[in-house]
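File shown: upload-v8.cif (mmCIF, C-alpha atoms, pLDDT in the B column; chains and numbers go by the auth columns).
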data_coords
loop_
_atom_site.group_PDB
_atom_site.id
_atom_site.type_symbol
_atom_site.label_atom_id
_atom_site.label_comp_id
_atom_site.label_asym_id
_atom_site.label_seq_id
_atom_site.Cartn_x
_atom_site.Cartn_y
_atom_site.Cartn_z
_atom_site.B_iso_or_equiv
_atom_site.auth_seq_id
_atom_site.auth_asym_id
ATOM 1 C CA MET A 1 -4.513 -1.773 28.638 27.00 209 S
ATOM 2 C CA LEU A 2 -4.579 0.115 25.340 30.00 210 S
ATOM 3 C CA ILE A 3 -2.235 3.082 25.041 29.00 211 S
ATOM 4 C CA ALA A 4 -3.304 6.159 23.096 30.00 212 S
ATOM 5 C CA ALA A 5 -1.698 6.604 19.696 37.00 213 S
ATOM 6 C CA GLU A 6 -2.108 9.515 17.329 41.00 214 S
ATOM 7 C CA ASN A 7 -4.405 9.292 14.314 48.00 215 S
ATOM 8 C CA ASP A 8 -5.053 11.796 11.544 50.00 216 S
ATOM 9 C CA PRO A 9 -7.889 13.983 12.930 44.00 217 S
ATOM 10 C CA ASP A 10 -9.238 14.726 9.444 49.00 218 S
ATOM 11 C CA LYS A 11 -9.508 11.030 8.683 53.00 219 S
ATOM 12 C CA LEU A 12 -11.244 10.260 11.961 51.00 220 S
ATOM 13 C CA SER A 13 -13.617 13.191 11.544 45.00 221 S
ATOM 14 C CA GLN A 14 -15.203 11.241 8.671 51.00 222 S
ATOM 15 C CA LEU A 15 -16.362 8.511 11.060 54.00 223 S
ATOM 16 C CA VAL A 16 -20.073 8.828 11.764 52.00 224 S
ATOM 17 C CA LEU A 17 -22.255 7.006 14.269 52.00 225 S
ATOM 18 C CA GLU A 18 -25.547 5.701 12.878 53.00 226 S
ATOM 19 C CA ASP A 19 -28.744 5.708 14.921 54.00 227 S
ATOM 20 C CA GLY A 20 -30.727 2.611 15.825 53.00 228 S
ATOM 21 C CA THR A 21 -28.378 0.543 17.968 70.00 229 S
ATOM 22 C CA THR A 22 -26.042 0.747 20.977 83.00 230 S
ATOM 23 C CA VAL A 23 -23.135 3.190 20.986 86.00 231 S
ATOM 24 C CA GLN A 24 -20.701 0.271 21.173 88.00 232 S
ATOM 25 C CA THR A 25 -22.225 -1.342 18.083 89.00 233 S
ATOM 26 C CA GLN A 26 -22.276 1.997 16.275 88.00 234 S
ATOM 27 C CA ALA A 27 -18.590 2.550 17.050 90.00 235 S
ATOM 28 C CA TYR A 28 -17.791 -0.975 15.883 92.00 236 S
ATOM 29 C CA LEU A 29 -19.668 -0.532 12.600 91.00 237 S
ATOM 30 C CA ALA A 30 -18.061 2.867 11.919 90.00 238 S
ATOM 31 C CA LEU A 31 -14.540 1.531 12.509 93.00 239 S
ATOM 32 C CA ARG A 32 -15.249 -1.664 10.577 94.00 240 S
ATOM 33 C CA GLN A 33 -16.477 0.387 7.625 93.00 241 S
ATOM 34 C CA ALA A 34 -13.314 2.501 7.811 92.00 242 S
ATOM 35 C CA LEU A 35 -11.153 -0.635 7.628 94.00 243 S
ATOM 36 C CA MET A 36 -13.111 -2.136 4.727 94.00 244 S
ATOM 37 C CA SER A 37 -12.906 1.067 2.710 92.00 245 S
ATOM 38 C CA GLY A 38 -9.160 1.410 3.263 91.00 246 S
ATOM 39 C CA ARG A 39 -9.326 4.547 5.374 90.00 247 S
ATOM 40 C CA PHE A 40 -6.539 3.222 7.624 91.00 248 S
ATOM 41 C CA ARG A 41 -3.081 2.100 6.500 89.00 249 S
ATOM 42 C CA PRO A 42 -1.357 -1.138 7.539 90.00 250 S
ATOM 43 C CA GLY A 43 0.761 -0.420 10.606 89.00 251 S
ATOM 44 C CA GLU A 44 -1.350 2.568 11.636 91.00 252 S
ATOM 45 C CA GLU A 45 -2.038 2.731 15.368 91.00 253 S
ATOM 46 C CA ILE A 46 -5.575 3.422 16.573 90.00 254 S
ATOM 47 C CA SER A 47 -5.947 5.887 19.429 87.00 255 S
ATOM 48 C CA LEU A 48 -8.753 5.293 21.915 88.00 256 S
ATOM 49 C CA ARG A 49 -9.098 8.922 22.907 89.00 257 S
ATOM 50 C CA THR A 50 -8.782 10.420 19.441 88.00 258 S
ATOM 51 C CA THR A 51 -11.276 7.944 17.989 88.00 259 S
ATOM 52 C CA ALA A 52 -13.728 8.479 20.867 89.00 260 S
ATOM 53 C CA ALA A 53 -13.487 12.249 20.378 89.00 261 S
ATOM 54 C CA ALA A 54 -14.088 11.903 16.631 86.00 262 S
ATOM 55 C CA LEU A 55 -17.173 9.769 17.275 86.00 263 S
ATOM 56 C CA GLY A 56 -18.397 12.048 20.056 87.00 264 S
ATOM 57 C CA THR A 57 -18.576 9.259 22.611 88.00 265 S
ATOM 58 C CA SER A 58 -16.730 7.992 25.668 89.00 266 S
ATOM 59 C CA VAL A 59 -13.667 5.751 25.562 92.00 267 S
ATOM 60 C CA THR A 60 -15.497 2.636 26.851 92.00 268 S
ATOM 61 C CA PRO A 61 -17.621 1.772 23.783 92.00 269 S
ATOM 62 C CA VAL A 62 -14.661 2.484 21.494 92.00 270 S
ATOM 63 C CA ARG A 63 -12.444 0.169 23.551 92.00 271 S
ATOM 64 C CA GLU A 64 -15.012 -2.630 23.247 93.00 272 S
ATOM 65 C CA ALA A 65 -15.407 -2.000 19.503 93.00 273 S
ATOM 66 C CA LEU A 66 -11.637 -2.185 19.008 93.00 274 S
ATOM 67 C CA ARG A 67 -11.413 -5.412 20.991 93.00 275 S
ATOM 68 C CA ARG A 68 -14.135 -6.899 18.820 94.00 276 S
ATOM 69 C CA LEU A 69 -12.238 -5.928 15.681 95.00 277 S
ATOM 70 C CA GLU A 70 -9.085 -7.429 17.164 95.00 278 S
ATOM 71 C CA SER A 71 -10.900 -10.732 17.696 94.00 279 S
ATOM 72 C CA GLU A 72 -11.921 -10.671 14.014 93.00 280 S
ATOM 73 C CA GLY A 73 -8.359 -10.098 12.806 93.00 281 S
ATOM 74 C CA GLY A 74 -8.920 -6.495 11.725 94.00 282 S
ATOM 75 C CA LEU A 75 -6.549 -5.148 14.394 95.00 283 S
ATOM 76 C CA VAL A 76 -3.579 -6.547 16.299 94.00 284 S
ATOM 77 C CA VAL A 77 -1.836 -5.675 19.568 91.00 285 S
ATOM 78 C CA GLN A 78 1.759 -4.640 18.968 85.00 286 S
ATOM 79 C CA GLY A 79 4.761 -3.351 20.885 78.00 287 S
ATOM 80 C CA PRO A 80 5.550 -3.302 24.596 77.00 288 S
ATOM 81 C CA ASN A 81 2.825 -0.700 25.162 77.00 289 S
ATOM 82 C CA ARG A 82 0.214 -3.031 23.660 80.00 290 S
ATOM 83 C CA VAL A 83 -1.100 -0.514 21.151 86.00 291 S
ATOM 84 C CA LEU A 84 -3.834 -1.678 18.770 91.00 292 S
ATOM 85 C CA ALA A 85 -2.854 -1.226 15.139 93.00 293 S
ATOM 86 C CA VAL A 86 -3.873 -2.231 11.635 94.00 294 S
ATOM 87 C CA PRO A 87 -1.902 -5.391 10.739 92.00 295 S
ATOM 88 C CA PHE A 88 0.248 -6.201 7.759 88.00 296 S
ATOM 89 C CA LEU A 89 -0.623 -9.536 6.158 88.00 297 S
ATOM 90 C CA SER A 90 2.019 -12.169 5.588 89.00 298 S
ATOM 91 C CA PRO A 91 2.498 -13.311 1.962 88.00 299 S
ATOM 92 C CA GLU A 92 0.894 -16.637 2.894 92.00 300 S
ATOM 93 C CA ALA A 93 -2.157 -14.959 4.428 93.00 301 S
ATOM 94 C CA LEU A 94 -2.501 -12.677 1.407 92.00 302 S
ATOM 95 C CA VAL A 95 -2.545 -15.665 -0.968 93.00 303 S
ATOM 96 C CA GLU A 96 -5.108 -17.461 1.185 96.00 304 S
ATOM 97 C CA ILE A 97 -7.393 -14.424 1.390 96.00 305 S
ATOM 98 C CA ARG A 98 -7.073 -13.819 -2.361 95.00 306 S
ATOM 99 C CA THR A 99 -8.097 -17.396 -3.114 97.00 307 S
ATOM 100 C CA ILE A 100 -11.087 -17.276 -0.791 98.00 308 S
ATOM 101 C CA ARG A 101 -12.167 -13.843 -2.034 98.00 309 S
ATOM 102 C CA ILE A 102 -12.107 -14.971 -5.656 98.00 310 S
ATOM 103 C CA GLN A 103 -14.416 -17.869 -4.824 98.00 311 S
ATOM 104 C CA LEU A 104 -16.830 -16.020 -2.542 98.00 312 S
ATOM 105 C CA GLU A 105 -17.001 -12.704 -4.375 98.00 313 S
ATOM 106 C CA GLY A 106 -17.153 -14.398 -7.757 98.00 314 S
ATOM 107 C CA MET A 107 -20.100 -16.478 -6.573 98.00 315 S
ATOM 108 C CA ALA A 108 -21.823 -13.427 -5.054 98.00 316 S
ATOM 109 C CA THR A 109 -21.376 -11.461 -8.280 98.00 317 S
ATOM 110 C CA GLU A 110 -22.804 -14.184 -10.493 98.00 318 S
ATOM 111 C CA THR A 111 -25.745 -14.654 -8.124 97.00 319 S
ATOM 112 C CA ALA A 112 -26.351 -10.912 -7.989 97.00 320 S
ATOM 113 C CA CYS A 113 -26.754 -10.714 -11.763 95.00 321 S
ATOM 114 C CA GLY A 114 -29.871 -12.868 -11.556 93.00 322 S
ATOM 115 C CA ARG A 115 -31.340 -10.781 -8.729 95.00 323 S
ATOM 116 C CA MET A 116 -30.272 -7.282 -9.737 94.00 324 S
ATOM 117 C CA THR A 117 -32.799 -4.450 -9.303 94.00 325 S
ATOM 118 C CA SER A 118 -32.768 -1.028 -10.935 95.00 326 S
ATOM 119 C CA ARG A 119 -31.819 0.447 -7.560 95.00 327 S
ATOM 120 C CA HIS A 120 -28.773 -1.773 -7.252 95.00 328 S
ATOM 121 C CA LEU A 121 -27.725 -0.945 -10.815 96.00 329 S
ATOM 122 C CA ARG A 122 -27.967 2.783 -10.034 97.00 330 S
ATOM 123 C CA LEU A 123 -25.785 2.359 -6.941 97.00 331 S
ATOM 124 C CA ILE A 124 -23.209 0.369 -8.890 97.00 332 S
ATOM 125 C CA ARG A 125 -23.178 2.823 -11.802 97.00 333 S
ATOM 126 C CA ASN A 126 -22.897 5.812 -9.448 97.00 334 S
ATOM 127 C CA ALA A 127 -20.021 4.266 -7.480 97.00 335 S
ATOM 128 C CA CYS A 128 -18.207 3.440 -10.711 97.00 336 S
ATOM 129 C CA ALA A 129 -18.578 7.024 -11.966 97.00 337 S
ATOM 130 C CA LEU A 130 -17.307 8.424 -8.665 97.00 338 S
ATOM 131 C CA MET A 131 -14.298 6.094 -8.845 96.00 339 S
ATOM 132 C CA GLU A 132 -13.544 7.410 -12.337 95.00 340 S
ATOM 133 C CA THR A 133 -13.579 10.979 -11.020 96.00 341 S
ATOM 134 C CA ALA A 134 -11.455 10.105 -7.993 94.00 342 S
ATOM 135 C CA ALA A 135 -8.927 8.238 -10.146 91.00 343 S
ATOM 136 C CA ALA A 136 -8.561 11.254 -12.442 91.00 344 S
ATOM 137 C CA LYS A 137 -7.954 13.502 -9.421 91.00 345 S
ATOM 138 C CA LYS A 138 -5.731 10.916 -7.681 89.00 346 S
ATOM 139 C CA ASP A 139 -8.012 11.199 -4.659 92.00 347 S
ATOM 140 C CA ALA A 140 -7.200 8.002 -2.762 91.00 348 S
ATOM 141 C CA ASP A 141 -9.838 8.406 -0.046 91.00 349 S
ATOM 142 C CA ALA A 142 -12.697 9.001 -2.486 93.00 350 S
ATOM 143 C CA TYR A 143 -11.536 6.168 -4.727 94.00 351 S
ATOM 144 C CA LEU A 144 -11.298 3.644 -1.904 94.00 352 S
ATOM 145 C CA GLU A 145 -14.624 4.671 -0.384 94.00 353 S
ATOM 146 C CA ASN A 146 -16.418 4.201 -3.692 96.00 354 S
ATOM 147 C CA ASN A 147 -14.466 1.058 -4.509 96.00 355 S
ATOM 148 C CA TRP A 148 -15.993 -0.542 -1.410 96.00 356 S
ATOM 149 C CA ARG A 149 -19.442 0.893 -2.253 96.00 357 S
ATOM 150 C CA PHE A 150 -19.187 -0.567 -5.751 97.00 358 S
ATOM 151 C CA HIS A 151 -18.313 -4.055 -4.538 97.00 359 S
ATOM 152 C CA SER A 152 -20.723 -3.888 -1.613 97.00 360 S
ATOM 153 C CA ALA A 153 -23.655 -2.915 -3.841 97.00 361 S
ATOM 154 C CA ILE A 154 -22.966 -5.956 -6.034 98.00 362 S
ATOM 155 C CA TYR A 155 -22.752 -8.383 -3.126 98.00 363 S
ATOM 156 C CA GLN A 156 -25.826 -6.949 -1.413 97.00 364 S
ATOM 157 C CA ALA A 157 -27.767 -7.506 -4.626 97.00 365 S
ATOM 158 C CA ALA A 158 -27.104 -11.239 -4.245 97.00 366 S
ATOM 159 C CA ARG A 159 -29.317 -11.131 -1.121 97.00 367 S
ATOM 160 C CA GLN A 160 -27.318 -13.788 0.703 97.00 368 S
ATOM 161 C CA PRO A 161 -26.595 -12.315 4.162 97.00 369 S
ATOM 162 C CA ILE A 162 -24.274 -15.081 5.376 97.00 370 S
ATOM 163 C CA LEU A 163 -22.191 -14.829 2.214 98.00 371 S
ATOM 164 C CA LEU A 164 -22.057 -11.032 2.582 97.00 372 S
ATOM 165 C CA GLU A 165 -20.910 -11.358 6.191 96.00 373 S
ATOM 166 C CA LEU A 166 -18.067 -13.667 5.142 97.00 374 S
ATOM 167 C CA ILE A 167 -17.003 -11.294 2.367 98.00 375 S
ATOM 168 C CA GLU A 168 -17.027 -8.291 4.678 96.00 376 S
ATOM 169 C CA GLY A 169 -14.875 -10.171 7.194 95.00 377 S
ATOM 170 C CA LEU A 170 -12.213 -10.600 4.522 96.00 378 S
ATOM 171 C CA TRP A 171 -12.437 -6.950 3.474 96.00 379 S
ATOM 172 C CA VAL A 172 -11.779 -5.884 7.080 96.00 380 S
ATOM 173 C CA ARG A 173 -8.394 -7.584 6.729 94.00 381 S
ATOM 174 C CA VAL A 174 -7.519 -6.615 3.168 93.00 382 S
ATOM 175 C CA GLY A 175 -9.076 -3.139 2.859 93.00 383 S
ATOM 176 C CA PRO A 176 -6.069 -1.272 4.309 92.00 384 S
ATOM 177 C CA LEU A 177 -3.691 -3.140 1.985 91.00 385 S
ATOM 178 C CA ILE A 178 -5.597 -1.998 -1.102 89.00 386 S
ATOM 179 C CA ARG A 179 -4.555 1.563 -0.234 87.00 387 S
ATOM 180 C CA LEU A 180 -0.877 0.597 -0.482 84.00 388 S
ATOM 181 C CA ALA A 181 -1.163 -0.582 -4.089 84.00 389 S
ATOM 182 C CA LEU A 182 -3.459 2.176 -5.289 85.00 390 S
ATOM 183 C CA PHE A 183 -0.926 4.340 -7.103 79.00 391 S
ATOM 184 C CA ARG A 184 1.424 1.676 -8.360 83.00 392 S
ATOM 185 C CA PRO A 185 1.971 2.172 -12.113 84.00 393 S
ATOM 186 C CA GLY A 186 -1.055 0.952 -14.042 88.00 394 S
ATOM 187 C CA HIS A 187 -3.021 -0.202 -11.002 89.00 395 S
ATOM 188 C CA LEU A 188 -5.848 2.342 -11.158 90.00 396 S
ATOM 189 C CA ALA A 189 -6.291 2.078 -14.918 91.00 397 S
ATOM 190 C CA HIS A 190 -6.465 -1.695 -14.798 92.00 398 S
ATOM 191 C CA SER A 191 -8.776 -1.721 -11.794 94.00 399 S
ATOM 192 C CA MET A 192 -11.165 0.702 -13.483 95.00 400 S
ATOM 193 C CA GLU A 193 -11.134 -1.462 -16.609 96.00 401 S
ATOM 194 C CA CYS A 194 -12.309 -4.416 -14.487 97.00 402 S
ATOM 195 C CA HIS A 195 -14.971 -2.295 -12.788 97.00 403 S
ATOM 196 C CA ARG A 196 -16.347 -0.959 -16.065 97.00 404 S
ATOM 197 C CA GLU A 197 -16.409 -4.470 -17.501 97.00 405 S
ATOM 198 C CA ALA A 198 -18.273 -5.761 -14.441 97.00 406 S
ATOM 199 C CA GLU A 199 -20.780 -2.907 -14.601 97.00 407 S
ATOM 200 C CA ARG A 200 -21.521 -3.544 -18.285 97.00 408 S
ATOM 201 C CA ALA A 201 -21.944 -7.264 -17.691 97.00 409 S
ATOM 202 C CA MET A 202 -24.365 -6.697 -14.802 96.00 410 S
ATOM 203 C CA ARG A 203 -26.334 -4.234 -16.867 95.00 411 S
ATOM 204 C CA ASP A 204 -26.557 -6.903 -19.584 95.00 412 S
ATOM 205 C CA GLY A 205 -27.414 -9.614 -17.051 95.00 413 S
ATOM 206 C CA ASP A 206 -24.312 -11.619 -17.982 97.00 414 S
ATOM 207 C CA GLY A 207 -23.371 -13.292 -14.704 97.00 415 S
ATOM 208 C CA THR A 208 -20.415 -15.203 -16.175 97.00 416 S
ATOM 209 C CA ALA A 209 -18.762 -12.080 -17.570 98.00 417 S
ATOM 210 C CA ALA A 210 -19.435 -10.099 -14.395 98.00 418 S
ATOM 211 C CA ARG A 211 -17.906 -12.834 -12.265 98.00 419 S
ATOM 212 C CA ARG A 212 -14.859 -13.008 -14.524 98.00 420 S
ATOM 213 C CA ALA A 213 -14.304 -9.239 -14.227 98.00 421 S
ATOM 214 C CA ILE A 214 -14.540 -9.202 -10.439 98.00 422 S
ATOM 215 C CA GLU A 215 -12.270 -12.238 -10.103 98.00 423 S
ATOM 216 C CA ARG A 216 -9.690 -10.560 -12.342 97.00 424 S
ATOM 217 C CA ASP A 217 -9.916 -7.364 -10.280 96.00 425 S
ATOM 218 C CA ILE A 218 -9.259 -9.302 -7.053 96.00 426 S
ATOM 219 C CA GLY A 219 -6.447 -11.422 -8.485 95.00 427 S
ATOM 220 C CA ASP A 220 -4.569 -8.564 -10.130 93.00 428 S
ATOM 221 C CA ALA A 221 -4.869 -6.320 -7.059 92.00 429 S
ATOM 222 C CA ALA A 222 -3.450 -9.134 -4.922 92.00 430 S
ATOM 223 C CA LYS A 223 -0.463 -9.397 -7.288 92.00 431 S
ATOM 224 C CA ASP A 224 0.233 -5.674 -6.927 90.00 432 S
ATOM 225 C CA ILE A 225 -0.050 -5.861 -3.143 89.00 433 S
ATOM 226 C CA ALA A 226 2.225 -8.914 -2.966 88.00 434 S
ATOM 227 C CA GLN A 227 4.840 -7.197 -5.134 86.00 435 S
ATOM 228 C CA LEU A 228 4.703 -4.083 -2.992 81.00 436 S
ATOM 229 C CA LEU A 229 5.135 -6.074 0.235 79.00 437 S
ATOM 230 C CA LEU A 230 8.068 -7.934 -1.323 79.00 438 S
ATOM 231 C CA GLU A 231 9.758 -4.674 -2.314 75.00 439 S
ATOM 232 C CA GLU A 232 9.271 -3.221 1.169 70.00 440 S
ATOM 233 C CA THR A 233 10.715 -6.368 2.754 70.00 441 S
ATOM 234 C CA GLN A 234 13.764 -6.263 0.488 73.00 442 S
ATOM 235 C CA GLU A 235 14.298 -2.570 1.195 67.00 443 S
ATOM 236 C CA SER A 236 14.052 -3.076 4.963 63.00 444 S
ATOM 237 C CA LYS A 237 16.719 -5.803 4.732 67.00 445 S
ATOM 238 C CA ARG A 238 19.049 -3.450 2.849 67.00 446 S
ATOM 239 C CA ALA A 239 18.529 -0.634 5.387 59.00 447 S
#
Rewrite the structure of this file - the entire thing - as structure tokens.
Amino acid sequence: MLIAAENDPDKLSQLVLEDGTTVQTQAYLALRQALMSGRFRPGEEISLRTTAAALGTSVTPVREALRRLESEGGLVVQGPNRVLAVPFLSPEALVEIRTIRIQLEGMATETACGRMTSRHLRLIRNACALMETAAAKKDADAYLENNWRFHSAIYQAARQPILLELIEGLWVRVGPLIRLALFRPGHLAHSMECHREAERAMRDGDGTAARRAIERDIGDAAKDIAQLLLEETQESKRA
């Protein structure tokens, strides 16, 4: 049995159900999108009732959506009350995911350059501009939302649905961790440098340069996350 836990109502109010499928699938997709875009923090508990109220649906489809996300590694059961929460990754898991992401997302980026349309380029350019604005305002939610849109638009341009599904599965796990590293010194500036470089390369049709920029973005972000987790572990031992 899942026990209710409190979530930020403002954050949950941003979840939106899309038409065209079952309520359970809609709830799953909305929550999955929230995880990929870093809307939830590692360790944050997910309340059945609060989430159902935010989505305007009953508890049952939300419960099934959360169980599905648990089976995919996006959520874990924790504590004696068996509350579902966003997991922290172990250092070993973080390294493994980083290595896989570099391979898969690098390949998707290089492939996308040869299949890029003007529509995809507009989406990528728009997301990059919105990230610039969010970074200047230190708006974490807007930055993370458009960070996922930026990467997603690139990978969708590759038009390889199985590859995209694999990439999204990794983002479900790592999306919340990206939030933790966002305002570490130099992180945003360096990340935006990689994004601008990738955008220019895709506009020029240079798949090799675009791949290199995305791989550097992934690798450097993983270093910041790993350092942050190490510092938190050391601090908890001193406490």
Can you work out which one of S:Arg257, S:His359, S:Lys431, S:Arg420 has the shortest atom-to-atom distance to Glu405 of chain S, counting all atoms listed in the file?
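Using all atoms listed in the file, the shortest distance to Glu405 of chain S belongs to S:Arg420.
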Applying the PyMOL selection byres ((chain S and resi 362-375) around 10) to the file I just gave you, which residues come out? Please list them as a PDB file with C-alpha atoms, in the coordinates of the input.
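In the end it all went to part.pdb:
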ATOM      1  CA  ILE S 308     -11.087 -17.276  -0.791  1.00 98.00           C
ATOM      2  CA  ARG S 309     -12.167 -13.843  -2.034  1.00 98.00           C
ATOM      3  CA  LEU S 312     -16.830 -16.020  -2.542  1.00 98.00           C
ATOM      4  CA  GLU S 313     -17.001 -12.704  -4.375  1.00 98.00           C
ATOM      5  CA  GLY S 314     -17.153 -14.398  -7.757  1.00 98.00           C
ATOM      6  CA  MET S 315     -20.100 -16.478  -6.573  1.00 98.00           C
ATOM      7  CA  ALA S 316     -21.823 -13.427  -5.054  1.00 98.00           C
ATOM      8  CA  THR S 317     -21.376 -11.461  -8.280  1.00 98.00           C
ATOM      9  CA  GLU S 318     -22.804 -14.184 -10.493  1.00 98.00           C
ATOM     10  CA  THR S 319     -25.745 -14.654  -8.124  1.00 97.00           C
ATOM     11  CA  ALA S 320     -26.351 -10.912  -7.989  1.00 97.00           C
ATOM     12  CA  CYS S 321     -26.754 -10.714 -11.763  1.00 95.00           C
ATOM     13  CA  GLY S 322     -29.871 -12.868 -11.556  1.00 93.00           C
ATOM     14  CA  ARG S 323     -31.340 -10.781  -8.729  1.00 95.00           C
ATOM     15  CA  MET S 324     -30.272  -7.282  -9.737  1.00 94.00           C
ATOM     16  CA  THR S 325     -32.799  -4.450  -9.303  1.00 94.00           C
ATOM     17  CA  ARG S 327     -31.819   0.447  -7.560  1.00 95.00           C
ATOM     18  CA  HIS S 328     -28.773  -1.773  -7.252  1.00 95.00           C
ATOM     19  CA  LEU S 329     -27.725  -0.945 -10.815  1.00 96.00           C
ATOM     20  CA  LEU S 331     -25.785   2.359  -6.941  1.00 97.00           C
ATOM     21  CA  ILE S 332     -23.209   0.369  -8.890  1.00 97.00           C
ATOM     22  CA  TRP S 356     -15.993  -0.542  -1.410  1.00 96.00           C
ATOM     23  CA  ARG S 357     -19.442   0.893  -2.253  1.00 96.00           C
ATOM     24  CA  PHE S 358     -19.187  -0.567  -5.751  1.00 97.00           C
ATOM     25  CA  HIS S 359     -18.313  -4.055  -4.538  1.00 97.00           C
ATOM     26  CA  SER S 360     -20.723  -3.888  -1.613  1.00 97.00           C
ATOM     27  CA  ALA S 361     -23.655  -2.915  -3.841  1.00 97.00           C
ATOM     28  CA  GLU S 376     -17.027  -8.291   4.678  1.00 96.00           C
ATOM     29  CA  GLY S 377     -14.875 -10.171   7.194  1.00 95.00           C
ATOM     30  CA  LEU S 378     -12.213 -10.600   4.522  1.00 96.00           C
ATOM     31  CA  TRP S 379     -12.437  -6.950   3.474  1.00 96.00           C
ATOM     32  CA  VAL S 380     -11.779  -5.884   7.080  1.00 96.00           C
ATOM     33  CA  ALA S 406     -18.273  -5.761 -14.441  1.00 97.00           C
ATOM     34  CA  GLU S 407     -20.780  -2.907 -14.601  1.00 97.00           C
ATOM     35  CA  MET S 410     -24.365  -6.697 -14.802  1.00 96.00           C
ATOM     36  CA  ALA S 418     -19.435 -10.099 -14.395  1.00 98.00           C
TER      37      ALA S 418
END
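When all atoms listed in the file are used to measure the gap to Met339 of chain S, the shortest distance among S:Thr307, S:Gln435, S:Ser399, S:Ser255 belongs to S:Ser399.
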Got a sec: who's within 10 Å of Pro269 of chain S, counting all atoms listed in the file, leaving out chain neighbours fewer than 6 positions off, as a compact mmCIF listing (two decimals) with C-alpha atoms, in the coordinates of the input?
# COMPACT_ATOMS: atom_id res chain seq x y z
CA THR S 230 -26.04 0.75 20.98
CA VAL S 231 -23.14 3.19 20.99
CA GLN S 232 -20.70 0.27 21.17
CA THR S 233 -22.22 -1.34 18.08
CA GLN S 234 -22.28 2.00 16.27
CA ALA S 235 -18.59 2.55 17.05
CA TYR S 236 -17.79 -0.98 15.88
CA LEU S 256 -8.75 5.29 21.92
CA ALA S 260 -13.73 8.48 20.87
CA ARG S 275 -11.41 -5.41 20.99
Using the chain letters and numbers from the file, give me the residues hit by the PyMOL selection byres ((chain S and resi 348-350) around 9), as a compact mmCIF listing (two decimals) with C-alpha atoms, in the coordinates of the input.
# COMPACT_ATOMS: atom_id res chain seq x y z
CA SER S 245 -12.91 1.07 2.71
CA GLY S 246 -9.16 1.41 3.26
CA ARG S 247 -9.33 4.55 5.37
CA LEU S 338 -17.31 8.42 -8.66
CA MET S 339 -14.30 6.09 -8.85
CA THR S 341 -13.58 10.98 -11.02
CA ALA S 342 -11.46 10.10 -7.99
CA ALA S 343 -8.93 8.24 -10.15
CA LYS S 345 -7.95 13.50 -9.42
CA LYS S 346 -5.73 10.92 -7.68
CA ASP S 347 -8.01 11.20 -4.66
CA TYR S 351 -11.54 6.17 -4.73
CA LEU S 352 -11.30 3.64 -1.90
CA GLU S 353 -14.62 4.67 -0.38
CA ASN S 354 -16.42 4.20 -3.69
CA ASN S 355 -14.47 1.06 -4.51
CA ARG S 387 -4.56 1.56 -0.23
CA LEU S 390 -3.46 2.18 -5.29
CA PHE S 391 -0.93 4.34 -7.10
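Against this structure, the PyMOL selection byres ((chain S and resi 295) around 9) ends up with Arg249, Pro250, Gly251, Glu252, Gly281, Gly282, Leu283, Val284, Val285, Ala293, Val294, Phe296, Leu297, Arg381 and Pro384 of chain S.
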Using C-alpha atoms, give me segment 266-298 of chain S from the structure I just pasted, as a CSV table (one decimal), in the first residue's frame.
chain,number,residue,atom,x,y,z
S,266,SER,CA,-8.9,9.5,-9.2
S,267,VAL,CA,-6.2,7.7,-7.2
S,268,THR,CA,-6.4,4.4,-9.1
S,269,PRO,CA,-4.8,5.5,-12.4
S,270,VAL,CA,-2.1,7.5,-10.6
S,271,ARG,CA,-1.3,4.4,-8.4
S,272,GLU,CA,-0.9,2.3,-11.6
S,273,ALA,CA,1.3,5.0,-13.3
S,274,LEU,CA,3.5,5.2,-10.2
S,275,ARG,CA,3.9,1.4,-10.1
S,276,ARG,CA,4.9,1.4,-13.8
S,277,LEU,CA,7.5,4.1,-13.1
S,278,GLU,CA,8.8,2.1,-10.1
S,279,SER,CA,9.3,-1.0,-12.4
S,280,GLU,CA,11.3,1.2,-14.8
S,281,GLY,CA,13.6,2.5,-12.0
S,282,GLY,CA,12.2,6.0,-11.9
S,283,LEU,CA,10.8,5.6,-8.4
S,284,VAL,CA,11.6,3.4,-5.4
S,285,VAL,CA,9.7,2.2,-2.4
S,286,GLN,CA,11.3,3.4,0.8
S,287,GLY,CA,10.8,3.4,4.6
S,288,PRO,CA,8.5,1.3,6.8
S,289,ASN,CA,5.4,3.0,5.3
S,290,ARG,CA,6.4,2.0,1.8
S,291,VAL,CA,6.3,5.5,0.3
S,292,LEU,CA,7.2,5.9,-3.3
S,293,ALA,CA,10.0,8.4,-3.8
S,294,VAL,CA,12.5,9.6,-6.4
S,295,PRO,CA,15.7,7.6,-5.9
S,296,PHE,CA,19.3,8.7,-5.4
S,297,LEU,CA,21.7,6.9,-7.7
S,298,SER,CA,24.8,5.2,-6.4
